[in-house]
Amino acid sequence: MATAVGGLRGRCFPRAWLCRCEPVPSLSPTGSRGGDAPGTPVLAPCCRGAGCGRHYRAALCTELKQPLAIEELAPRPVRPRQVRVDVHFCGVNFADILVCLGQYQERPHLPFTPGMEFSGTVLETGKDVSTVKEGDGVIGVSDFNSMAEEYIADQKALWKIPEKVILREAACLPVSYGTAIMALEHRACTQPGETVLVTAAAGATGLAVIDVATNVLQAKVIAAAGSEEKCKLAMQRGAQSSVNYSQGSLKEAVKKLLGNGGVDVVIDTVGGHVFLEALRSLAWEGRIVVVGFSGGTIASVPANLLLLKNISAMGVYWGRYRDQNFPVFSRSLSSALQYCQQGRIQPHIGAVFKLEEVNDAFLHVIKRKSTGKVLISLK
């Protein structure tokens with residue numbers, strides 16, 4: 001659930017996998033994997049005639065490194081603490097692409113449905129569910145499986161959406177804003193007036209960091225990105241300064257902006273030489289938070305730099321908090337919803353694709369055309 005693995009740069013994508021998705025003949029019916037696993041698809045023959053209204057469509061990875069298929073699946077009963085959600089929007093993340101390539105740290109059994117975050121409305125609740133009711137708008141997180149018209153979730157994996165927040169915006173919050181809030185507030189303890197440097201600033205997480213740092217924490221943001229267009233977008237979204245690190249040294253560019261002082265906080269999602277340049281841009285007692293490695297290279301930390309400036313280097317694997325410290329994990333999502341309801345943050349949606357365009361959505365991300373959040377619309 002976090003970009004805790006290598007990025008997409010330099011990876012080999014089979015040509016067939018990048019083709020536009022076309023529905024394929026349905027697979028033979030099977031039982032769900034692991035019995036009680038929430039959201040595990042139960043495959044059924046395609047059925048579009050009378051009496052088949054309860055079947056729902058889902059994007060299925062039936063073979064790694066191949067285009068996803070659109071299948072109709074048979075629903076299964078909800079268990080006592082589970083909730084059936086009518087999914088409206090599902091976020092597209094690097095991890096969805098990597099898992100379909102077999103290159104993510106979690107490897108679901110085939111066939112599986114990608115999708116780690118979603119928004120929708122409650123269709124049905126189990127008899128022991130007390131947190132939501134039928135008709136409520138919710139956001140949720142999953143161990144994949146949510147890129148479908150329906151998803152069954154444990155009630156603990158759902159958060160009720162406030163009335164003022166629309167489903168489209170809400171779908172942007174879990175991974176990107178959960179990560180941004182965790183990195184800025186819980187790990188870096190960012191204070192008002194501090195300077196935050198964020199890399200890959202025009203991506204979904206980068207823009208979320210800019211939004212939270214600027215509009216919630218009252219920090220000053222330097223946005224670092226790989227093109228003038230992306231730098232311009234980051235500035236439009238609230239960054240005070242920008243640096244195009246494809247044009248030269250990130251460290252030198254930051255020095256021109258701040259002098260010898262440096263930045264207080266770095267949120268890095270790129271890794272490699274960008275991480276090292278950002279590390280060298282930190283001020284005395286600065287903090288650098290590793291969020292991911294979208295550049296494809298994991299850098300080694302020069303420990304002498306930590307010593308000389310009393311720098312702290314730390315990581316954020318947001319999804320791991322769900323198992324290791326659920327109250328902190330839940331608070332990041334509750335905060336995101338609260339900030340959105342209050343109008344303090346405004347998620348940026350870069351593109352929306354239909355379910356049958358899921359492979360186009362993946363290709364959009366792979367080719368680095370995406371800015372902000374990319375969504376799949378299930379309606």
# chains A, B, ... in the order shown; residues from 1 in each chain; ligands from 1

$ closest_atom_pairs --of "stretch 94-213 of chain A" --to "stretch 311-320 of chain A" --cutoff "12 Å" --atoms "only C-alpha atoms" --output "JSON lines"
{"residue": "A:Ala95", "atom": "CA", "partner": "A:Gly319", "partner_atom": "CA", "distance": 11.5}
{"residue": "A:Glu106", "atom": "CA", "partner": "A:Gly319", "partner_atom": "CA", "distance": 11.9}
{"residue": "A:Met116", "atom": "CA", "partner": "A:Gly319", "partner_atom": "CA", "distance": 9.9}
{"residue": "A:Glu117", "atom": "CA", "partner": "A:Gly319", "partner_atom": "CA", "distance": 11.0}
{"residue": "A:Val141", "atom": "CA", "partner": "A:Gly319", "partner_atom": "CA", "distance": 9.0}
{"residue": "A:Ser142", "atom": "CA", "partner": "A:Gly319", "partner_atom": "CA", "distance": 9.5}
{"residue": "A:Asp143", "atom": "CA", "partner": "A:Gly319", "partner_atom": "CA", "distance": 9.3}
{"residue": "A:Phe144", "atom": "CA", "partner": "A:Gly319", "partner_atom": "CA", "distance": 11.7}
{"residue": "A:Ala157", "atom": "CA", "partner": "A:Gly319", "partner_atom": "CA", "distance": 11.6}
{"residue": "A:Pro174", "atom": "CA", "partner": "A:Trp318", "partner_atom": "CA", "distance": 9.8}
{"residue": "A:Val175", "atom": "CA", "partner": "A:Trp318", "partner_atom": "CA", "distance": 7.7}
{"residue": "A:Ser176", "atom": "CA", "partner": "A:Trp318", "partner_atom": "CA", "distance": 9.6}
{"residue": "A:Tyr177", "atom": "CA", "partner": "A:Trp318", "partner_atom": "CA", "distance": 10.2}
{"residue": "A:Gly178", "atom": "CA", "partner": "A:Trp318", "partner_atom": "CA", "distance": 7.2}
{"residue": "A:Thr179", "atom": "CA", "partner": "A:Trp318", "partner_atom": "CA", "distance": 5.6}
{"residue": "A:Ala180", "atom": "CA", "partner": "A:Trp318", "partner_atom": "CA", "distance": 9.2}
{"residue": "A:Ile181", "atom": "CA", "partner": "A:Trp318", "partner_atom": "CA", "distance": 9.7}
{"residue": "A:Met182", "atom": "CA", "partner": "A:Trp318", "partner_atom": "CA", "distance": 7.1}
{"residue": "A:Ala183", "atom": "CA", "partner": "A:Val316", "partner_atom": "CA", "distance": 6.2}
{"residue": "A:Leu184", "atom": "CA", "partner": "A:Val316", "partner_atom": "CA", "distance": 9.9}
{"residue": "A:Glu185", "atom": "CA", "partner": "A:Val316", "partner_atom": "CA", "distance": 11.4}
{"residue": "A:His186", "atom": "CA", "partner": "A:Val316", "partner_atom": "CA", "distance": 9.5}
{"residue": "A:Arg187", "atom": "CA", "partner": "A:Met314", "partner_atom": "CA", "distance": 7.5}
{"residue": "A:Ala188", "atom": "CA", "partner": "A:Met314", "partner_atom": "CA", "distance": 8.4}
{"residue": "A:Cys189", "atom": "CA", "partner": "A:Ser312", "partner_atom": "CA", "distance": 11.6}
{"residue": "A:Thr205", "atom": "CA", "partner": "A:Trp318", "partner_atom": "CA", "distance": 11.7}

$ select_by_dssp --residues "stretch 86-276 of chain A" --states "strand (DSSP E or B)" --output "PyMOL selection string"
chain A and resi 86-92+112+117-125+137-141+148+150-154+158-160+195-198+203+220-225+241-244+263-268

$ atom_distance --atom1 "atom CA of A:Leu363" --atom2 "atom CA of A:Phe94"
11.0 Å

$ closest_residue --among "A:Val83, A:Leu337, A:Val92, A:Ala170" --to "A:Lys156" --atoms "only C-alpha atoms"
A:Val83

$ closest_residue --among "A:Gly372, A:Gly248, A:Pro192, A:Pro114" --to "A:Ala58" --atoms "only C-alpha atoms"
A:Pro114

$ closest_residue --among "A:Ser119, A:Ser241, A:Asn304, A:Ser281" --to "A:Lys255" --atoms "only C-alpha atoms"
A:Ser281

$ residues_around --residues "A:Thr371" --least-positions-apart "2" --cutoff "7 Å" --atoms "only C-alpha atoms" --output "list in words"
Ala202, Gly203, Ala204, Gly350, Lys369 and Lys373 of chain A

$ write_last_selection --atoms "C-alpha atoms" --output "short mmCIF file (atom, residue, chain, number, x, y, z; two decimals), in the first residue's frame"
data_model
loop_
_atom_site.label_atom_id
_atom_site.label_comp_id
_atom_site.auth_asym_id
_atom_site.auth_seq_id
_atom_site.Cartn_x
_atom_site.Cartn_y
_atom_site.Cartn_z
CA ALA A 202 3.38 17.07 -9.45
CA GLY A 203 2.47 13.48 -8.62
CA ALA A 204 -0.48 12.51 -6.48
CA GLY A 350 -5.34 14.63 -13.18
CA LYS A 369 1.82 11.61 -18.30
CA LYS A 373 -4.52 11.55 -8.87
#

$ residues_around --residues "A:Glu356" --least-positions-apart "3" --cutoff "12 Å" --atoms "only C-alpha atoms" --output "PyMOL selection string"
chain A and resi 20-24+57-60+67-71+147-149+352-353+359-362+376-379

$ closest_residue --among "A:Val328, A:Val265, A:Ile288, A:Ile152" --to "A:Arg81" --atoms "only C-alpha atoms"
A:Ile152

$ select_by_dssp --residues "stretch 72-289 of chain A" --states "alpha helix (DSSP H)" --output "MDAnalysis selection string"
chainID A and resid 94:101 167:170 178:181 204:215 228:236 250:258 272:279

$ closest_atom_pairs --of "stretch 237-264 of chain A" --to "stretch 207-215 of chain A" --cutoff "8 Å" --atoms "only C-alpha atoms" --output "Markdown table"
| residue | atom | partner | partner_atom | distance |
| --- | --- | --- | --- | --- |
| A:Arg237 | CA | A:Asp211 | CA | 7.0 |
| A:Gly238 | CA | A:Ile210 | CA | 6.4 |
| A:Ala239 | CA | A:Ile210 | CA | 6.2 |

$ residues_around --residues "A:Ser242" --least-positions-apart "5" --cutoff "7 Å" --atoms "only C-alpha atoms" --output "list in words"
Ile222, Ala223, Ala224, Cys231 and Met235 of chain A

$ write_last_selection --atoms "all heavy atoms" --output "PDB file, in the first residue's frame"
ATOM      1  N   ILE A 222       9.033  24.145  -1.216  1.00  0.00           N
ATOM      2  CA  ILE A 222       9.790  24.168  -2.457  1.00  0.00           C
ATOM      3  C   ILE A 222       9.446  22.888  -3.204  1.00  0.00           C
ATOM      4  O   ILE A 222       9.650  21.782  -2.693  1.00  0.00           O
ATOM      5  CB  ILE A 222      11.306  24.228  -2.218  1.00  0.00           C
ATOM      6  CG1 ILE A 222      11.669  25.504  -1.446  1.00  0.00           C
ATOM      7  CG2 ILE A 222      12.061  24.174  -3.546  1.00  0.00           C
ATOM      8  CD1 ILE A 222      13.135  25.571  -1.044  1.00  0.00           C
ATOM      9  N   ALA A 223       8.875  23.029  -4.385  1.00  0.00           N
ATOM     10  CA  ALA A 223       8.450  21.878  -5.183  1.00  0.00           C
ATOM     11  C   ALA A 223       9.534  21.526  -6.186  1.00  0.00           C
ATOM     12  O   ALA A 223       9.968  22.380  -6.971  1.00  0.00           O
ATOM     13  CB  ALA A 223       7.145  22.197  -5.907  1.00  0.00           C
ATOM     14  N   ALA A 224       9.981  20.273  -6.180  1.00  0.00           N
ATOM     15  CA  ALA A 224      10.973  19.803  -7.134  1.00  0.00           C
ATOM     16  C   ALA A 224      10.327  18.800  -8.072  1.00  0.00           C
ATOM     17  O   ALA A 224       9.683  17.846  -7.625  1.00  0.00           O
ATOM     18  CB  ALA A 224      12.153  19.164  -6.410  1.00  0.00           C
ATOM     19  N   CYS A 231       6.494  21.773 -12.672  1.00  0.00           N
ATOM     20  CA  CYS A 231       6.828  22.818 -11.700  1.00  0.00           C
ATOM     21  C   CYS A 231       5.747  23.896 -11.661  1.00  0.00           C
ATOM     22  O   CYS A 231       5.369  24.375 -10.585  1.00  0.00           O
ATOM     23  CB  CYS A 231       8.183  23.442 -12.046  1.00  0.00           C
ATOM     24  SG  CYS A 231       9.605  22.391 -11.674  1.00  0.00           S
ATOM     25  N   MET A 235       3.386  25.021  -8.440  1.00  0.00           N
ATOM     26  CA  MET A 235       3.253  26.409  -7.988  1.00  0.00           C
ATOM     27  C   MET A 235       1.784  26.823  -7.929  1.00  0.00           C
ATOM     28  O   MET A 235       1.349  27.492  -6.988  1.00  0.00           O
ATOM     29  CB  MET A 235       4.035  27.339  -8.919  1.00  0.00           C
ATOM     30  CG  MET A 235       5.534  27.151  -8.887  1.00  0.00           C
ATOM     31  SD  MET A 235       6.301  27.854  -7.411  1.00  0.00           S
ATOM     32  CE  MET A 235       6.137  29.612  -7.756  1.00  0.00           C
TER      33      MET A 235
END

$ closest_residue --among "A:Gly206, A:Gly91, A:Gly295, A:Gly259" --to "A:Leu233" --atoms "only C-alpha atoms"
A:Gly206

$ atom_distance --atom1 "atom CA of A:Lys127" --atom2 "atom CA of A:Ala336"
28.8 Å

$ closest_residue --among "A:Ser332, A:Gln240, A:Thr199, A:Ser370" --to "A:Glu277" --atoms "only C-alpha atoms"
A:Thr199

$ atom_distance --atom1 "atom CA of A:Lys232" --atom2 "atom CA of A:Ser335"
27.6 Å
